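As provided, input-v3.txt (compact mmCIF, C-alpha atoms) reads as follows.
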# COMPACT_ATOMS: atom_id res chain seq x y z
CA MET V 74 107.46 -71.58 -182.52
CA PHE V 75 107.17 -70.38 -178.93
CA ALA V 76 110.96 -69.96 -178.76
CA LYS V 77 110.97 -67.87 -181.94
CA ARG V 78 108.24 -65.58 -180.54
CA VAL V 79 110.22 -65.19 -177.32
CA MET V 80 113.37 -64.27 -179.25
CA LEU V 81 111.47 -61.75 -181.37
CA SER V 82 109.88 -60.18 -178.29
CA LEU V 83 113.29 -60.02 -176.59
CA THR V 84 114.82 -58.36 -179.67
CA LEU V 85 112.08 -55.73 -179.72
CA LEU V 86 112.39 -55.17 -175.98
CA LEU V 87 116.14 -54.69 -176.11
CA SER V 88 115.83 -52.32 -179.05
CA GLY V 89 113.37 -50.14 -177.16
CA ALA V 90 110.75 -50.56 -179.89
CA ALA V 91 107.07 -50.22 -179.19
CA PRO V 92 104.75 -53.26 -179.79
CA GLY V 93 103.78 -53.56 -183.42
CA VAL V 94 106.99 -51.99 -184.83
CA SER V 95 108.38 -54.15 -187.60
CA ILE V 96 111.96 -55.36 -187.87
CA ALA V 97 112.19 -53.55 -191.23
CA ALA V 98 111.24 -50.28 -189.55
CA LEU V 99 113.85 -50.86 -186.87
CA ALA V 100 116.52 -51.39 -189.52
CA ALA V 101 115.59 -48.30 -191.51
CA GLU V 102 118.18 -45.52 -191.38
CA PRO V 103 117.07 -42.14 -190.04
CA ALA V 104 116.31 -39.58 -192.71
CA LYS V 105 119.27 -37.41 -193.63
CA SER V 106 119.03 -33.66 -193.22
CA VAL V 107 118.96 -31.82 -196.54
CA PHE V 108 119.95 -28.15 -196.87
CA LEU V 109 120.07 -25.84 -199.85
CA LEU V 110 122.49 -22.98 -199.11
CA THR V 111 121.92 -19.81 -201.12
CA PRO V 112 124.71 -17.25 -200.58
CA THR V 113 125.47 -14.32 -202.85
CA ARG V 114 128.63 -16.04 -204.08
CA VAL V 115 130.74 -19.15 -203.52
CA PHE V 116 134.50 -19.36 -203.12
CA ASP V 117 135.02 -23.04 -203.83
CA ALA V 118 138.82 -23.07 -203.18
CA VAL V 119 139.32 -24.94 -206.44
CA ASP V 120 140.04 -22.15 -208.94
CA GLY V 121 140.70 -19.23 -206.57
CA LYS V 122 137.67 -17.28 -207.81
CA THR V 123 134.25 -16.39 -206.46
CA HIS V 124 131.15 -17.58 -208.34
CA GLU V 125 128.12 -15.32 -208.21
CA GLY V 126 124.74 -16.99 -207.85
CA TRP V 127 126.02 -20.46 -207.02
CA LYS V 128 124.11 -22.64 -204.59
CA VAL V 129 125.22 -25.62 -202.55
CA LEU V 130 123.11 -28.68 -201.73
CA VAL V 131 124.02 -30.66 -198.61
CA GLU V 132 122.62 -34.08 -197.74
CA GLY V 133 123.60 -35.62 -194.45
CA ASP V 134 127.28 -34.86 -193.89
CA LYS V 135 128.19 -34.45 -197.58
CA ILE V 136 128.08 -31.81 -200.29
CA VAL V 137 126.05 -33.34 -203.14
CA ALA V 138 125.71 -30.50 -205.66
CA VAL V 139 127.31 -27.12 -206.38
CA GLY V 140 126.53 -24.53 -209.04
CA ALA V 141 124.13 -21.98 -210.44
CA ASN V 142 121.47 -24.48 -211.49
CA VAL V 143 121.15 -26.50 -208.31
CA THR V 144 117.54 -26.95 -207.28
CA ALA V 145 116.14 -27.90 -203.89
CA PRO V 146 114.37 -31.23 -203.44
CA ALA V 147 111.01 -31.10 -201.69
CA ASN V 148 112.45 -32.09 -198.32
CA ALA V 149 115.26 -29.50 -198.34
CA GLN V 150 115.54 -26.71 -195.80
CA VAL V 151 116.60 -23.53 -197.62
CA ILE V 152 119.16 -21.39 -195.80
CA ASP V 153 119.28 -17.94 -197.39
CA LEU V 154 122.60 -16.16 -196.86
CA PRO V 155 122.28 -12.78 -198.61
CA GLY V 156 125.39 -10.63 -198.86
CA THR V 157 127.70 -13.50 -197.98
CA THR V 158 130.43 -15.60 -199.52
CA LEU V 159 130.12 -19.33 -198.87
CA MET V 160 133.48 -21.08 -198.63
CA PRO V 161 135.06 -24.20 -197.15
CA GLY V 162 135.49 -24.30 -193.39
CA MET V 163 138.95 -22.92 -192.72
CA ILE V 164 141.78 -25.13 -191.44
CA GLU V 165 144.07 -23.75 -188.75
CA GLY V 166 147.49 -25.15 -189.63
CA HIS V 167 149.40 -24.43 -186.41
CA GLY V 168 147.57 -24.09 -183.14
CA HIS V 169 147.92 -24.89 -179.45
CA LEU V 170 144.53 -25.25 -177.78
CA PHE V 171 146.19 -25.89 -174.42
CA LEU V 172 147.94 -22.50 -174.43
CA HIS V 173 146.52 -19.04 -173.97
CA PRO V 174 148.13 -15.64 -174.72
CA TYR V 175 151.49 -15.05 -173.08
CA ASN V 176 150.50 -11.55 -171.98
CA GLU V 177 147.90 -13.24 -169.75
CA THR V 178 150.20 -15.91 -168.29
CA SER V 179 153.78 -16.66 -169.31
CA TRP V 180 154.55 -19.93 -171.07
CA ASP V 181 156.64 -21.10 -168.10
CA ASP V 182 153.79 -20.46 -165.67
CA GLN V 183 151.27 -22.22 -167.90
CA VAL V 184 153.49 -25.31 -167.99
CA LEU V 185 154.48 -25.28 -164.30
CA HIS V 186 151.62 -23.71 -162.37
CA GLU V 187 148.37 -24.30 -164.24
CA SER V 188 146.72 -27.64 -163.42
CA LEU V 189 145.89 -30.12 -166.15
CA ALA V 190 142.20 -29.80 -165.25
CA LEU V 191 142.33 -26.01 -165.67
CA ARG V 192 144.23 -26.25 -168.95
CA THR V 193 141.82 -28.85 -170.32
CA ALA V 194 138.76 -26.80 -169.34
CA ARG V 195 140.27 -23.79 -171.08
CA ALA V 196 141.10 -25.89 -174.15
CA VAL V 197 137.48 -27.05 -174.38
CA ALA V 198 136.28 -23.44 -174.35
CA GLN V 199 138.95 -22.41 -176.87
CA ALA V 200 137.95 -25.25 -179.19
CA GLU V 201 134.37 -23.96 -179.29
CA THR V 202 135.64 -20.40 -179.90
CA THR V 203 137.77 -21.68 -182.79
CA LEU V 204 134.81 -23.39 -184.44
CA ALA V 205 132.66 -20.28 -184.02
CA ALA V 206 135.40 -18.30 -185.82
CA GLY V 207 134.94 -20.44 -188.93
CA PHE V 208 137.83 -22.86 -188.41
CA THR V 209 136.26 -26.28 -188.71
CA SER V 210 139.61 -28.11 -188.56
CA LEU V 211 142.79 -27.50 -186.57
CA ARG V 212 146.24 -29.09 -186.45
CA ASP V 213 147.28 -28.89 -182.80
CA LEU V 214 151.08 -29.05 -182.70
CA GLY V 215 151.77 -29.89 -179.08
CA THR V 216 150.10 -29.62 -175.70
CA GLU V 217 153.16 -27.87 -174.18
CA GLY V 218 153.20 -29.78 -170.92
CA ALA V 219 149.57 -30.95 -170.93
CA GLY V 220 150.48 -34.52 -171.82
CA TYR V 221 148.04 -36.45 -174.00
CA ALA V 222 145.04 -34.28 -173.15
CA ASP V 223 144.69 -33.35 -176.83
CA VAL V 224 143.87 -36.97 -177.65
CA GLY V 225 141.02 -36.86 -175.14
CA LEU V 226 139.79 -33.51 -176.41
CA LYS V 227 139.77 -34.84 -179.97
CA ALA V 228 137.71 -37.84 -178.84
CA ALA V 229 135.25 -35.62 -176.94
CA ILE V 230 134.72 -33.48 -180.05
CA ASN V 231 134.35 -36.51 -182.33
CA GLN V 232 131.80 -38.05 -179.97
CA GLY V 233 129.75 -34.86 -179.83
CA ILE V 234 130.37 -34.30 -176.14
CA VAL V 235 131.77 -30.80 -176.73
CA PRO V 236 131.78 -28.61 -179.85
CA GLY V 237 135.02 -27.87 -181.65
CA PRO V 238 136.98 -28.25 -184.87
CA ARG V 239 138.06 -31.66 -186.13
CA LEU V 240 141.52 -32.09 -184.66
CA SER V 241 144.79 -33.55 -185.84
CA VAL V 242 147.03 -33.76 -182.79
CA ALA V 243 150.76 -34.02 -182.10
CA THR V 244 150.55 -34.78 -178.34
CA LEU V 245 153.81 -34.04 -176.47
CA ALA V 246 156.18 -33.15 -179.38
CA ILE V 247 159.84 -34.22 -179.22
CA VAL V 248 162.85 -32.10 -178.25
CA ALA V 249 166.55 -32.82 -177.91
CA LEU V 250 167.60 -33.70 -174.37
CA GLY V 251 168.35 -30.57 -172.35
CA SER V 252 167.33 -28.09 -175.02
CA TYR V 253 163.78 -27.09 -174.12
CA GLY V 254 162.10 -25.60 -171.06
CA PRO V 255 161.09 -24.41 -168.57
CA LYS V 256 164.63 -23.61 -167.42
CA GLY V 257 166.35 -21.46 -164.81
CA PHE V 258 166.27 -23.87 -161.88
CA GLU V 259 168.98 -25.48 -159.76
CA PRO V 260 170.96 -27.84 -162.02
CA GLY V 261 169.95 -31.41 -161.39
CA VAL V 262 166.44 -30.56 -160.18
CA VAL V 263 163.90 -32.39 -162.32
CA VAL V 264 161.50 -29.83 -163.78
CA PRO V 265 158.43 -30.73 -165.88
CA GLN V 266 159.12 -30.02 -169.53
CA GLY V 267 156.93 -28.61 -172.27
CA ALA V 268 157.73 -31.55 -174.58
CA GLU V 269 159.19 -35.06 -174.46
CA GLU V 270 162.99 -35.15 -174.35
CA ALA V 271 164.93 -37.70 -176.38
CA SER V 272 168.51 -38.29 -177.48
CA GLY V 273 170.03 -40.30 -180.32
CA PRO V 274 168.20 -41.90 -183.25
CA ASP V 275 166.95 -44.82 -181.15
CA GLY V 276 165.68 -42.51 -178.40
CA VAL V 277 163.91 -40.20 -180.82
CA VAL V 278 162.31 -43.15 -182.63
CA ALA V 279 161.13 -44.59 -179.30
CA ALA V 280 159.56 -41.24 -178.37
CA ALA V 281 157.85 -40.97 -181.75
CA ARG V 282 156.43 -44.49 -181.42
CA ARG V 283 155.23 -43.86 -177.88
CA GLN V 284 153.37 -40.77 -179.01
CA ILE V 285 151.90 -42.45 -182.08
CA GLY V 286 150.77 -45.37 -179.94
CA ALA V 287 149.06 -42.95 -177.57
CA GLY V 288 147.11 -41.25 -180.37
CA ALA V 289 149.37 -38.77 -182.19
CA ASP V 290 148.29 -37.98 -185.76
CA TRP V 291 151.46 -35.94 -186.33
CA VAL V 292 154.97 -36.25 -184.96
CA LYS V 293 156.42 -32.85 -184.14
CA LEU V 294 160.19 -32.44 -183.81
CA TYR V 295 162.26 -29.47 -182.72
CA ALA V 296 165.27 -29.27 -185.05
CA ASP V 297 166.61 -26.23 -183.22
CA TYR V 298 166.02 -24.16 -180.12
CA ARG V 299 167.70 -21.86 -177.61
CA TRP V 300 170.01 -23.66 -175.18
CA GLY V 301 169.92 -20.81 -172.67
CA PRO V 302 168.10 -17.53 -171.99
CA GLY V 303 169.12 -14.76 -174.35
CA GLU V 304 170.91 -17.11 -176.75
CA ASP V 305 170.14 -17.40 -180.43
CA SER V 306 168.55 -20.63 -181.67
CA ARG V 307 170.99 -23.37 -182.67
CA PRO V 308 170.49 -26.81 -184.19
CA THR V 309 169.62 -29.22 -181.38
CA MET V 310 168.67 -32.39 -183.23
CA SER V 311 171.06 -34.12 -185.62
CA PHE V 312 170.19 -35.05 -189.18
CA GLU V 313 170.35 -38.73 -188.20
CA GLU V 314 167.88 -38.18 -185.36
CA ILE V 315 165.42 -36.29 -187.55
CA LYS V 316 165.73 -38.82 -190.36
CA ALA V 317 165.11 -41.77 -188.03
CA ALA V 318 162.03 -40.13 -186.51
CA VAL V 319 160.64 -39.21 -189.93
CA ALA V 320 161.07 -42.79 -191.14
CA ALA V 321 159.33 -44.19 -188.06
CA ALA V 322 156.45 -41.75 -188.40
CA HIS V 323 156.00 -42.38 -192.11
CA ASP V 324 156.09 -46.13 -191.54
CA ALA V 325 153.19 -45.62 -189.12
CA GLY V 326 151.26 -43.52 -191.65
CA ARG V 327 151.86 -40.28 -189.74
CA LEU V 328 153.19 -36.97 -191.00
CA VAL V 329 156.03 -34.94 -189.50
CA ALA V 330 156.10 -31.24 -188.62
CA VAL V 331 159.47 -29.74 -187.72
CA HIS V 332 159.99 -26.58 -185.70
CA ALA V 333 162.99 -24.98 -187.37
CA GLY V 334 164.18 -21.39 -187.48
CA THR V 335 167.87 -21.69 -188.33
CA PRO V 336 169.13 -22.36 -191.85
CA GLU V 337 170.88 -25.54 -190.70
CA GLY V 338 167.88 -26.81 -188.75
CA MET V 339 165.67 -26.23 -191.77
CA ARG V 340 168.20 -27.84 -194.12
CA ARG V 341 168.40 -30.98 -191.96
CA ALA V 342 164.62 -31.24 -191.71
CA VAL V 343 164.10 -30.89 -195.46
CA ALA V 344 166.85 -33.40 -196.26
CA ALA V 345 165.40 -35.85 -193.71
CA GLY V 346 161.98 -35.84 -195.40
CA ALA V 347 159.87 -33.63 -193.13
CA ASP V 348 156.37 -32.86 -194.38
CA THR V 349 156.10 -29.31 -193.03
CA ILE V 350 158.49 -26.73 -191.61
CA GLU V 351 157.17 -24.44 -188.88
CA HIS V 352 158.31 -20.82 -188.38
CA GLY V 353 161.43 -20.74 -190.60
CA SER V 354 162.37 -17.15 -189.77
CA GLY V 355 166.03 -17.79 -190.64
CA GLY V 356 165.32 -19.35 -194.01
CA THR V 357 167.59 -18.70 -196.99
CA PRO V 358 166.93 -18.78 -200.75
CA GLU V 359 168.78 -22.11 -200.92
CA VAL V 360 166.66 -23.69 -198.18
CA PHE V 361 163.42 -22.47 -199.70
CA ALA V 362 164.48 -23.71 -203.13
CA ALA V 363 165.01 -27.16 -201.61
CA MET V 364 161.60 -27.00 -199.94
CA ALA V 365 159.95 -26.06 -203.22
CA GLU V 366 161.72 -28.88 -205.04
CA LYS V 367 160.68 -31.49 -202.45
CA LYS V 368 157.22 -29.94 -201.93
CA VAL V 369 157.78 -29.43 -198.22
CA ALA V 370 155.05 -27.08 -196.98
CA PHE V 371 155.95 -23.96 -195.02
CA CYS V 372 153.92 -22.70 -192.05
CA PRO V 373 155.37 -19.21 -191.43
CA THR V 374 153.41 -18.34 -188.23
CA LEU V 375 153.77 -14.59 -188.81
CA ALA V 376 151.21 -13.82 -186.12
CA ALA V 377 153.30 -15.28 -183.28
CA PRO V 378 156.30 -12.90 -183.48
CA ASP V 379 153.90 -10.06 -184.24
CA ALA V 380 151.98 -10.80 -181.02
CA ILE V 381 155.11 -11.24 -178.91
CA ALA V 382 156.53 -7.94 -180.19
CA ARG V 383 153.30 -6.19 -179.25
CA TYR V 384 153.39 -7.72 -175.77
CA ARG V 385 156.83 -6.11 -175.44
CA GLY V 386 155.50 -2.68 -176.37
CA TRP V 387 155.64 -2.48 -180.18
CA ASN V 388 152.73 -0.42 -181.53
CA GLY V 389 152.82 -1.76 -185.08
CA SER V 390 154.74 1.13 -186.60
CA GLU V 391 157.70 0.72 -188.96
CA PRO V 392 160.49 -0.19 -188.79
CA ALA V 393 159.27 -3.45 -187.31
CA PRO V 394 161.28 -5.16 -184.54
CA PRO V 395 163.89 -7.68 -185.81
CA VAL V 396 161.78 -10.69 -184.80
CA VAL V 397 158.90 -9.42 -186.97
CA ALA V 398 161.09 -8.26 -189.84
CA SER V 399 162.98 -11.56 -190.13
CA ALA V 400 159.75 -13.59 -190.18
CA ARG V 401 158.31 -11.30 -192.86
CA LYS V 402 161.49 -11.49 -194.96
CA SER V 403 161.58 -15.30 -194.84
CA PHE V 404 157.92 -15.50 -195.80
CA GLN V 405 158.57 -13.30 -198.83
CA MET V 406 161.56 -15.45 -199.85
CA ALA V 407 159.37 -18.55 -199.59
CA LEU V 408 156.69 -16.91 -201.75
CA LYS V 409 159.27 -16.03 -204.37
CA ALA V 410 160.57 -19.61 -204.36
CA LYS V 411 156.99 -20.92 -204.79
CA VAL V 412 157.15 -23.03 -201.64
CA PRO V 413 153.83 -24.76 -200.80
CA MET V 414 152.28 -22.42 -198.25
CA CYS V 415 150.46 -23.49 -195.12
CA MET V 416 148.25 -21.10 -193.17
CA GLY V 417 148.85 -21.37 -189.44
CA GLY V 418 149.53 -18.62 -186.94
CA ASP V 419 150.73 -20.44 -183.79
CA VAL V 420 147.45 -19.45 -182.17
CA GLY V 421 147.64 -19.87 -178.43
CA VAL V 422 150.54 -17.44 -178.39
CA PHE V 423 147.71 -15.02 -179.21
CA THR V 424 143.97 -15.30 -178.62
CA HIS V 425 142.01 -18.26 -179.94
CA GLY V 426 139.23 -17.20 -182.27
CA HIS V 427 141.48 -14.55 -183.78
CA ASN V 428 143.10 -17.12 -186.10
CA ALA V 429 142.43 -14.80 -189.06
CA ARG V 430 145.23 -12.58 -187.77
CA GLU V 431 147.70 -14.81 -189.64
CA MET V 432 145.75 -14.47 -192.88
CA GLU V 433 145.75 -10.69 -192.62
CA LEU V 434 149.51 -10.62 -192.01
CA MET V 435 150.13 -12.91 -194.98
CA VAL V 436 148.24 -10.47 -197.20
CA GLU V 437 150.15 -7.51 -195.73
CA ALA V 438 153.43 -9.31 -196.49
CA GLY V 439 152.60 -9.75 -200.15
CA MET V 440 150.46 -12.88 -200.69
CA SER V 441 147.28 -12.37 -202.70
CA ARG V 442 143.99 -12.60 -200.84
CA ALA V 443 142.78 -15.48 -203.01
CA ASP V 444 146.01 -17.41 -202.42
CA VAL V 445 145.74 -16.89 -198.66
CA LEU V 446 142.17 -18.20 -198.74
CA MET V 447 143.36 -21.20 -200.73
CA ALA V 448 146.17 -21.80 -198.23
CA ALA V 449 143.66 -21.80 -195.36
CA THR V 450 141.35 -24.28 -197.10
CA SER V 451 142.35 -26.52 -200.00
CA GLY V 452 146.06 -25.85 -199.46
CA ASN V 453 146.15 -26.97 -195.84
CA ALA V 454 143.90 -29.90 -196.75
CA ARG V 455 146.41 -30.97 -199.42
CA TRP V 456 149.56 -30.58 -197.32
CA PHE V 457 147.93 -32.36 -194.36
CA LYS V 458 146.62 -35.21 -196.57
CA LEU V 459 142.99 -34.31 -195.85
CA ASP V 460 141.99 -33.29 -199.38
CA ALA V 461 140.07 -36.51 -200.09
CA THR V 462 137.41 -35.30 -197.66
CA LEU V 463 137.97 -31.60 -196.86
CA GLY V 464 139.14 -28.22 -198.10
CA ALA V 465 136.86 -27.35 -201.03
CA VAL V 466 133.22 -26.77 -201.95
CA ARG V 467 132.91 -29.78 -204.18
CA PRO V 468 130.42 -32.67 -204.45
CA GLY V 469 131.47 -35.70 -202.44
CA LEU V 470 133.43 -33.80 -199.80
CA LEU V 471 132.32 -33.36 -196.22
CA ALA V 472 129.98 -30.44 -195.63
CA ASP V 473 132.37 -28.27 -193.63
CA LEU V 474 131.19 -24.88 -194.83
CA ILE V 475 131.15 -21.29 -193.60
CA ALA V 476 129.51 -18.10 -194.80
CA VAL V 477 131.21 -14.75 -194.27
CA GLU V 478 129.80 -11.28 -194.74
CA GLY V 479 131.16 -9.62 -197.86
CA ASP V 480 133.83 -10.90 -200.23
CA PRO V 481 137.14 -12.06 -198.70
CA THR V 482 138.84 -12.02 -202.10
CA ALA V 483 138.34 -8.23 -202.02
CA ASP V 484 138.87 -7.71 -198.28
CA ILE V 485 140.57 -10.47 -196.28
CA THR V 486 139.11 -9.15 -193.01
CA ALA V 487 135.74 -10.47 -194.20
CA VAL V 488 136.75 -13.88 -192.82
CA ARG V 489 136.25 -12.43 -189.33
CA LYS V 490 132.57 -11.69 -190.09
CA ILE V 491 131.15 -15.16 -189.70
CA LYS V 492 127.45 -15.57 -190.51
CA MET V 493 127.19 -19.37 -190.63
CA VAL V 494 129.31 -22.35 -189.61
CA MET V 495 128.46 -25.89 -190.68
CA LYS V 496 130.56 -28.93 -189.77
CA ASN V 497 129.73 -32.43 -191.01
CA GLY V 498 126.46 -31.10 -192.39
CA VAL V 499 125.35 -29.86 -188.97
CA ARG V 500 124.86 -26.15 -188.52
CA PHE V 501 126.79 -24.83 -185.53
CA ARG V 502 125.80 -21.19 -185.91

Could you express the structure from this file as structure tokens?
Amino acid sequence: MFAKRVMLSLTLLLSGAAPGVSIAALAAEPAKSVFLLTPTRVFDAVDGKTHEGWKVLVEGDKIVAVGANVTAPANAQVIDLPGTTLMPGMIEGHGHLFLHPYNETSWDDQVLHESLALRTARAVAQAETTLAAGFTSLRDLGTEGAGYADVGLKAAINQGIVPGPRLSVATLAIVALGSYGPKGFEPGVVVPQGAEEASGPDGVVAAARRQIGAGADWVKLYADYRWGPGEDSRPTMSFEEIKAAVAAAHDAGRLVAVHAGTPEGMRRAVAAGADTIEHGSGGTPEVFAAMAEKKVAFCPTLAAPDAIARYRGWNGSEPAPPVVASARKSFQMALKAKVPMCMGGDVGVFTHGHNAREMELMVEAGMSRADVLMAATSGNARWFKLDATLGAVRPGLLADLIAVEGDPTADITAVRKIKMVMKNGVRFR
């Protein structure tokens, strides 16, 4: 009996409980927060429409009820959001938290001259800015010379150490040997690269497995790139290399994003089983038809060439520079072919927190506002295999929700006017 009392006292002591607290009380779960959100309307990202007068009930980290007749339980905190549209937290489909705008510091100088500590500190700040802008999730497609720091940043966010979107990370990315950068140095001098170099199917598979083992959620491949300054992009990775890497990634339960801008690079990536194609400015009707048939999602990144052209002096007037015009033309071909559309702007080339720039350009290029909103929410969730938990205002999904001033189905710029951000049922702003 004495031994049992000692063990009970020790258990209470180690748990930090005060004398007299029962074991049942210690085992009880903390009460979940309950919120009733009352916006003017809800865009649920299910049917592409707004629903006037709908309310949303959140318990803990989940959405539990949605509709016009939802009532608040006695313990609910009511959050009134007049004049707003409540919608799913947006998902940035192509970002680089470890980059900042090239008109501030060139890509080469970021890779070669900025310390890892500096780049990580900036990425932490940019992650918080992204969340504040209503993007509760982000697919980070390469640290561009910052190693595996994205894996650590993801862990810090998940552990609540720093605020930021939920991350899916690609770590180093994989490029064909000799094809990437920085370049322009004495031949034979080893220069740090912005991605991991590999050659041959076995080499590319080994790189993919190394990155997956170190924490990569996505494998990113470069199917084409510029071999030298001033050259056009050319295919750099063979079909066999891409196919082998895709198979290794899929075997490991990871998805594959392929940077491809040439018709042949895109063709190889689609034939090899890639899950998404990034950029695609040289796409053809035949390539986009193949993507539509195989349901390969397209991330057009219209905002990146637009930003780069502006850094070079373009004022936005027509005719647009060739780099902007070709991206716009490919996007319109993809729309016509009914290719699954991802929303991702290559943010990092331009300022974090201005992710909505891509959405505005998609609308300007001919995509409906409702379809752009769907691409940034339920669409990205579907193509990134996150739709079991994210991407819509629907009971059972995680409570990643934002409220924006006005109606983004009438004016897409409304997504910049953030009035509330909630992630995992916790209000961030």

* Selected residue, from V:Pro274, V:Pro255, V:Gly452, V:Gly421, that lies nearest to Thr203 (chain V) when counting only C-alpha atoms -> V:Gly421

Using only C-alpha atoms, find each residue in region 307-394 of chain V having at least one atom no more than 12 Å away from region 176-199 of chain V; report its shortest atom-to-atom pair and that distance in Å (one decimal), rows by chain then rising number, as CSV.
residue,atom,partner,partner_atom,distance
V:Ala380,CA,V:Asn176,CA,9.2
V:Ile381,CA,V:Asn176,CA,8.3
V:Ala382,CA,V:Asn176,CA,10.8
V:Arg383,CA,V:Asn176,CA,9.5
V:Tyr384,CA,V:Asn176,CA,6.1
V:Arg385,CA,V:Asn176,CA,9.0
V:Gly386,CA,V:Asn176,CA,11.1

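With only C-alpha atoms as the atoms that count, the minimum distance from Ile136 (chain V) to the choices V:Ala206, V:Leu250, V:Val151, V:Met495 is reached by V:Met495.
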
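We find CA of Val262 (chain V) and CA of Ala333 (chain V) to be spaced 28.0 Å apart.
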
* To do: Might you pull out every residue within 7 Å of region 348-359 of chain V, with all atoms listed in the file counted and same-chain residues fewer than 4 positions away left off, and present them as a list in words?
  => Leu328, Val329, Ala330, Val331, His332, Ala333, Gly334, Thr335, Pro336, Ala363, Val369, Ala370, Phe371, Cys372, Pro373, Thr374, Ser399, Ala400, Ser403 and Met406 of chain V

Selected residues written out with C-alpha atoms, as a PDB file, in the frame of the given file:
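again.pdb, written as the output of this step:
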ATOM      1  CA  LEU V 328     153.190 -36.970-191.000  1.00  0.00           C
ATOM      2  CA  VAL V 329     156.030 -34.940-189.500  1.00  0.00           C
ATOM      3  CA  ALA V 330     156.100 -31.240-188.620  1.00  0.00           C
ATOM      4  CA  VAL V 331     159.470 -29.740-187.720  1.00  0.00           C
ATOM      5  CA  HIS V 332     159.990 -26.580-185.700  1.00  0.00           C
ATOM      6  CA  ALA V 333     162.990 -24.980-187.370  1.00  0.00           C
ATOM      7  CA  GLY V 334     164.180 -21.390-187.480  1.00  0.00           C
ATOM      8  CA  THR V 335     167.870 -21.690-188.330  1.00  0.00           C
ATOM      9  CA  PRO V 336     169.130 -22.360-191.850  1.00  0.00           C
ATOM     10  CA  ALA V 363     165.010 -27.160-201.610  1.00  0.00           C
ATOM     11  CA  VAL V 369     157.780 -29.430-198.220  1.00  0.00           C
ATOM     12  CA  ALA V 370     155.050 -27.080-196.980  1.00  0.00           C
ATOM     13  CA  PHE V 371     155.950 -23.960-195.020  1.00  0.00           C
ATOM     14  CA  CYS V 372     153.920 -22.700-192.050  1.00  0.00           C
ATOM     15  CA  PRO V 373     155.370 -19.210-191.430  1.00  0.00           C
ATOM     16  CA  THR V 374     153.410 -18.340-188.230  1.00  0.00           C
ATOM     17  CA  SER V 399     162.980 -11.560-190.130  1.00  0.00           C
ATOM     18  CA  ALA V 400     159.750 -13.590-190.180  1.00  0.00           C
ATOM     19  CA  SER V 403     161.580 -15.300-194.840  1.00  0.00           C
ATOM     20  CA  MET V 406     161.560 -15.450-199.850  1.00  0.00           C
TER      21      MET V 406
END

* Among listed residues V:Glu337, V:Asp117, V:Asp223, V:Glu165, nearest Leu204 (chain V) (using only C-alpha atoms) ->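 Among the listed residues, the smallest separation from Leu204 (chain V) belongs to V:Glu165.
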
* Asked: CA of Val137 (chain V) and CA of Gly121 (chain V), how far apart in Å?
  ->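 Pair CA of Gly121 (chain V) / CA of Val137 (chain V) returns 20.6 Å.
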